[in-house]
Structure formats: C-alpha cells, structure tokens
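Visitor: Here's a structure for you.
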Amino acid sequence: MIKLFCKNLPRNLSNLLYNEYNSYEKELKFLLNTYRNRYAWTNEIDFEYFQIFLSLAIFYRRIIVQLDSAVDFSERFLFSKNIKGIVIGNYLLSKAESEKLNTIVNDFKLLCGKYNISNYLFDFENITQFLFKFREYNKNIGISSAET
Amino acid sequence: MRKPKNPFKDLNKFKIEIAYFLKKHKTTISSHSARISDYFEMSNYNSIVKFYENNGYKVSPKNLIKNEFRYKLSPAGYPNNFSFFEISKTYTYKRCRKEFDFEIHHNVAVQSAINNNLYVTPDISIISKGSIRELKDPRYFFSGSRSYYYVPNKNLQTFCEVKNFNPFPELLFNFIGLLQELKNDVFNKRQSDKNPKHIAPSMMISGGGNYHTNLIRKDIMKRYKTNIFFGLFYSRNQPYSKLKMSNVIKIGSKF
C-alpha cells in the first residue's frame, strides 16, 4: 500500500516515507510474532489493515499536515485584495493554488471521516502506541457502524 | 448523522477509495512535495502571529514586495528583501498613552546575550520595531563582500524554535542552550514583567511526546519561563487558542 502513496512523490520524499514505513512494519511483525498472547486480538485482523493504516498515518503526518499548514497560513491573505500570494523561495503560493491544497486536505478529512478515522490514530511515537490506538479504533468502529 | 463505514467489512472498497483520492490529487501533491517541510514552519509562524492577535495586538503585514508576502525560508538573504508582521499595542506608560510596536521575523540572526560577537538564528524572533542592524565585518562571510544583518540582543523580546520531529530528551535539553545564549535573563530571574506581554521563549514540536518527554517538558517549564508545545501536528492551536491561553507562559517587554 505504501507504494501507492509514494507513487507520485519525488525520490527524496518517497524514500523518507518508505523508510519510516519499513521500520514500523518490521517492528510490528516482530511484536506480533514474539508476543503472540499479548496481541492475540490481532489474529482476527488481516495484516493488510495494519499496512494500510500505517501507510495512511505516515502519509498524513508527512504530507497532509504540511499542506494543511500552508493553507492555514495562506488563509490569512485570502481575503485581502492587496496581497496576491506568498512567495516561498522562487515559488508563488497563489490564492488559487492554496484553494487546491485546501481541497486535498478536505478530501482526506472526508475520506477519514467516512470511516470514523480521527487524526488521534495517526499520532503515535512507537508501534506499541499505534497498536493500542488501532485496537481502540477497531473496537469503536465495530460499535458505531453497528448502531442504527 | 450518517453511520460511519466500517473498513473491516470491505477491505477492497476501502483500498479503492484511498486509491481514488491519491489519483485525483496526484498532480497537486507531486508539485508541492518539494516545499512540504517549509509549510510546517510557516504554520508555526502563523500561530505566533495569531497569539498576538488574540492578545489584543494590531497585526499588519509589512514590506510586501510587488503585493506578495515574501517569506524568509533560511538564514541566508537580507532581511529587507523579505516580508514580516508588525504588531502594536497601546498601553499607559509613565501616565501617557503609548503605542508599543514590535516585529515578528523569521530566520533573522540575533546577537548572543553573553558574547557580543556571536550570533545565532532562531526560527521566529519578536523584536523591537526597526531594530535590525548591519554588521560591516567581512570576516562573517566567506565571500567577504556582503553585509551581515542582526538584531542586538537588547532588542530581542522573545523567540521560538520550530522542530518537525517527535520530541526526545536531547532535543528538549538543547533548547536550554539556545535559551541561555539568547534570553539568559530567563535564568537569572531578571526577566522584565512590563506590559505589553509576549509569549515566553518557546519550542514548538510537531510530534506528540511520551511519558518521559512530557516529564522533561514540564520540568523545563517549571524551571524557566518557557513554553514547550508538543503535538502541533494534530493540535495546532495550542499557542494561540483563547481557551488554552491561560496555559501559555508570557513574559514582559524589554525597553
């Protein structure tokens, strides 16, 4: 799954995402194989889910948050007639471009919202923390999607 | 309210939706990917501006070049070629109403508080209005033909350091070094308490901390008048939110 996320990114950025993903995945496999009893609840879940959620989290932290930051800053100027945009190095972040970024951020939030994935799930420092949050999410989504 | 979908019921549908999102935005994401780390710093710069706005300061962008806000990305470059924010607040000072003006700059060199010949560049500096000085000493540049611009330490009101990392002990303790060099009045309790108030020297970190790093954070904040913000990735409003403002440590102005 991480390949799909990295497909259109420049090499240096995609390497960053790959490396982060690979180290988390390696650690995850080790934990699940070593502490089978502690993580017995993971037996019912297809491993591909862990891969998808890890990829989503890394993509969110490395890409979406940064784009959201750019939108946040440029919003200050969006309603000002005198300011055309923000110059970052040789690049002009115009109002039109900022709106495009806003669409990406909103679409990502919509996608996550559809599945009740909050960014709380994406904030983890180590794989144990990720597993803890993933388990909570798994429990909650089961309850909320079954509610009528 | 719409019932949330359960990804654990249909894996393929979940994957298709992710793939559709990525395909739809691939061109824009790819064209912005080179600038992605700059955006996080920009957001924190904006948070500091919002802090002053929410504390009753008037904020206005200055030095716009061709109607564009020119953002200073690195310590290189002359400050007069870049835009910044000017902030002002009126107070009664010596029985008269007086307007106090400051500037919020990004990547401007500041003179050390200990040795006048040393300079360091914090990410965000809040300085007294019009206090950037020129140092005409060719030894400070490899080319020898450029000027060096800096802010005298007495004009530095406060500063913020931005780190796009998960917090770890060494990173947090390194901040004390910077604090010592730039705002050592925070150490010897000679810190001014005069109005208008500023955000205390702050470290802004993108990642959320664990138990240990949170302990360090609280301890440093208890020892010195500083703010250390964690988890700005998912809770960006910590420095400026009106609800959380009482948690933000403030210091007085230097005149």
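By convention in this document, the chains of the structure tokens carry letters A, B, ... by their order, each chain's residues are numbered from 1, and ligands are numbered from 1 in the order they are shown.
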With a distance cut-off of 12 Å and only C-alpha atoms, select the neighbouring residues of B:Phe173, excluding the residue or stretch itself and same-chain residues fewer than 6 positions from it, and output the selection as a list in words.

Guide: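 So the residues in contact are Pro167, Leu179, Gln180, Met203, Thr213, Ile216, Arg217, Asp219, Ile220, Met221 and Ile228 of chain B.
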
Visitor: Could you produce a table of the residues of chain B lying within 6 Å of chain A, with the nearest pair of atoms per residue and their separation in Å rounded to one decimal, using only C-alpha atoms, ordered by chain and increasing residue number, as JSON lines?

Guide:
```
{"residue": "B:Lys3", "atom": "CA", "partner": "A:Ser145", "partner_atom": "CA", "distance": 5.9}
{"residue": "B:Pro4", "atom": "CA", "partner": "A:Tyr115", "partner_atom": "CA", "distance": 5.3}
{"residue": "B:Lys5", "atom": "CA", "partner": "A:Tyr115", "partner_atom": "CA", "distance": 4.8}
{"residue": "B:Asn6", "atom": "CA", "partner": "A:Tyr115", "partner_atom": "CA", "distance": 6.0}
{"residue": "B:Ser30", "atom": "CA", "partner": "A:Leu9", "partner_atom": "CA", "distance": 5.3}
{"residue": "B:Ile36", "atom": "CA", "partner": "A:Gln66", "partner_atom": "CA", "distance": 5.7}
{"residue": "B:Tyr39", "atom": "CA", "partner": "A:Ala70", "partner_atom": "CA", "distance": 5.0}
{"residue": "B:Phe40", "atom": "CA", "partner": "A:Gln66", "partner_atom": "CA", "distance": 5.3}
{"residue": "B:Ser43", "atom": "CA", "partner": "A:Ser69", "partner_atom": "CA", "distance": 4.8}
{"residue": "B:Asn46", "atom": "CA", "partner": "A:Phe73", "partner_atom": "CA", "distance": 5.7}
{"residue": "B:Asn67", "atom": "CA", "partner": "A:Ile83", "partner_atom": "CA", "distance": 4.9}
{"residue": "B:Glu68", "atom": "CA", "partner": "A:Gly85", "partner_atom": "CA", "distance": 5.3}
{"residue": "B:Phe69", "atom": "CA", "partner": "A:Ile86", "partner_atom": "CA", "distance": 4.7}
{"residue": "B:Arg70", "atom": "CA", "partner": "A:Val87", "partner_atom": "CA", "distance": 4.6}
{"residue": "B:Tyr71", "atom": "CA", "partner": "A:Ile88", "partner_atom": "CA", "distance": 5.5}
```

Visitor: Could you write out, as a VMD selection string, all the residues of chain A that DSSP marks as alpha helix (DSSP H)?

Guide: chain A and resid 2 to 6 11 to 34 47 to 59 65 to 78 95 to 114 127 to 146

Visitor: Mind the document's chain letters and residue numbers, and return as a VMD selection string the residues of stretch 129-237 of chain B that DSSP labels strand (DSSP E).

Guide: chain B and resid 133 to 135 148 to 150 156 to 163 198 to 199 202 to 205 227 to 229

Visitor: List the neighbours of B:Ile87 out to 6 Å using only C-alpha atoms; skip same-chain residues closer than 2 positions along the sequence, and give me the result as a list in words.

Guide: Tyr57, Lys58, Val59, Asp101, Phe102 and Glu103 of chain B

Visitor: Can you work out the spacing between atom CA of B:Arg146 and atom CA of B:Leu118 in Å, to one decimal?

Guide: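 Distance reported for this atom pair: 17.5 Å.
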
Visitor: Separation of atom CA of A:Lys139 and atom CA of A:Lys3, in Å?

Guide: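 Here the two named atoms are 28.1 Å from each other.
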
Visitor: Point out the residue among B:Thr226, B:Ser37, B:Thr27, B:Ser112 with the least atom-to-atom distance to B:Leu172, counting only C-alpha atoms.

Guide: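 Of B:Thr226, B:Ser37, B:Thr27, B:Ser112, the one nearest B:Leu172 is B:Thr226, counting only C-alpha atoms.
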
Visitor: I'd like the contact shell of B:Ile126 - 12 Å cut-off, only C-alpha atoms, skipping same-chain residues fewer than 3 positions apart - returned as a PyMOL selection string.

Guide: chain B and resi 45+48-49+51-52+84-88+101-110+122-123+129-132+151+153-161+197-202+253-254

Visitor: In Å, rounded to a single decimal, give me how far atom CA of B:Leu232 is from atom CA of B:Asn54.

Guide: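 Between atom CA of B:Asn54 and atom CA of B:Leu232 the gap works out to 18.3 Å.
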
Visitor: In terms of the shortest atom-to-atom distance over only C-alpha atoms, which of B:Asp193, B:Asp137, B:Glu53, B:Glu99 is closest to B:Ile251?

Guide: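 Closest candidate: B:Asp193.
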
Visitor: Could you list, as a ChimeraX atom specification, every residue within 8 Å of B:Phe100, counting only C-alpha atoms and ignoring same-chain residues fewer than 6 positions away?

Guide: /B:88-91,196
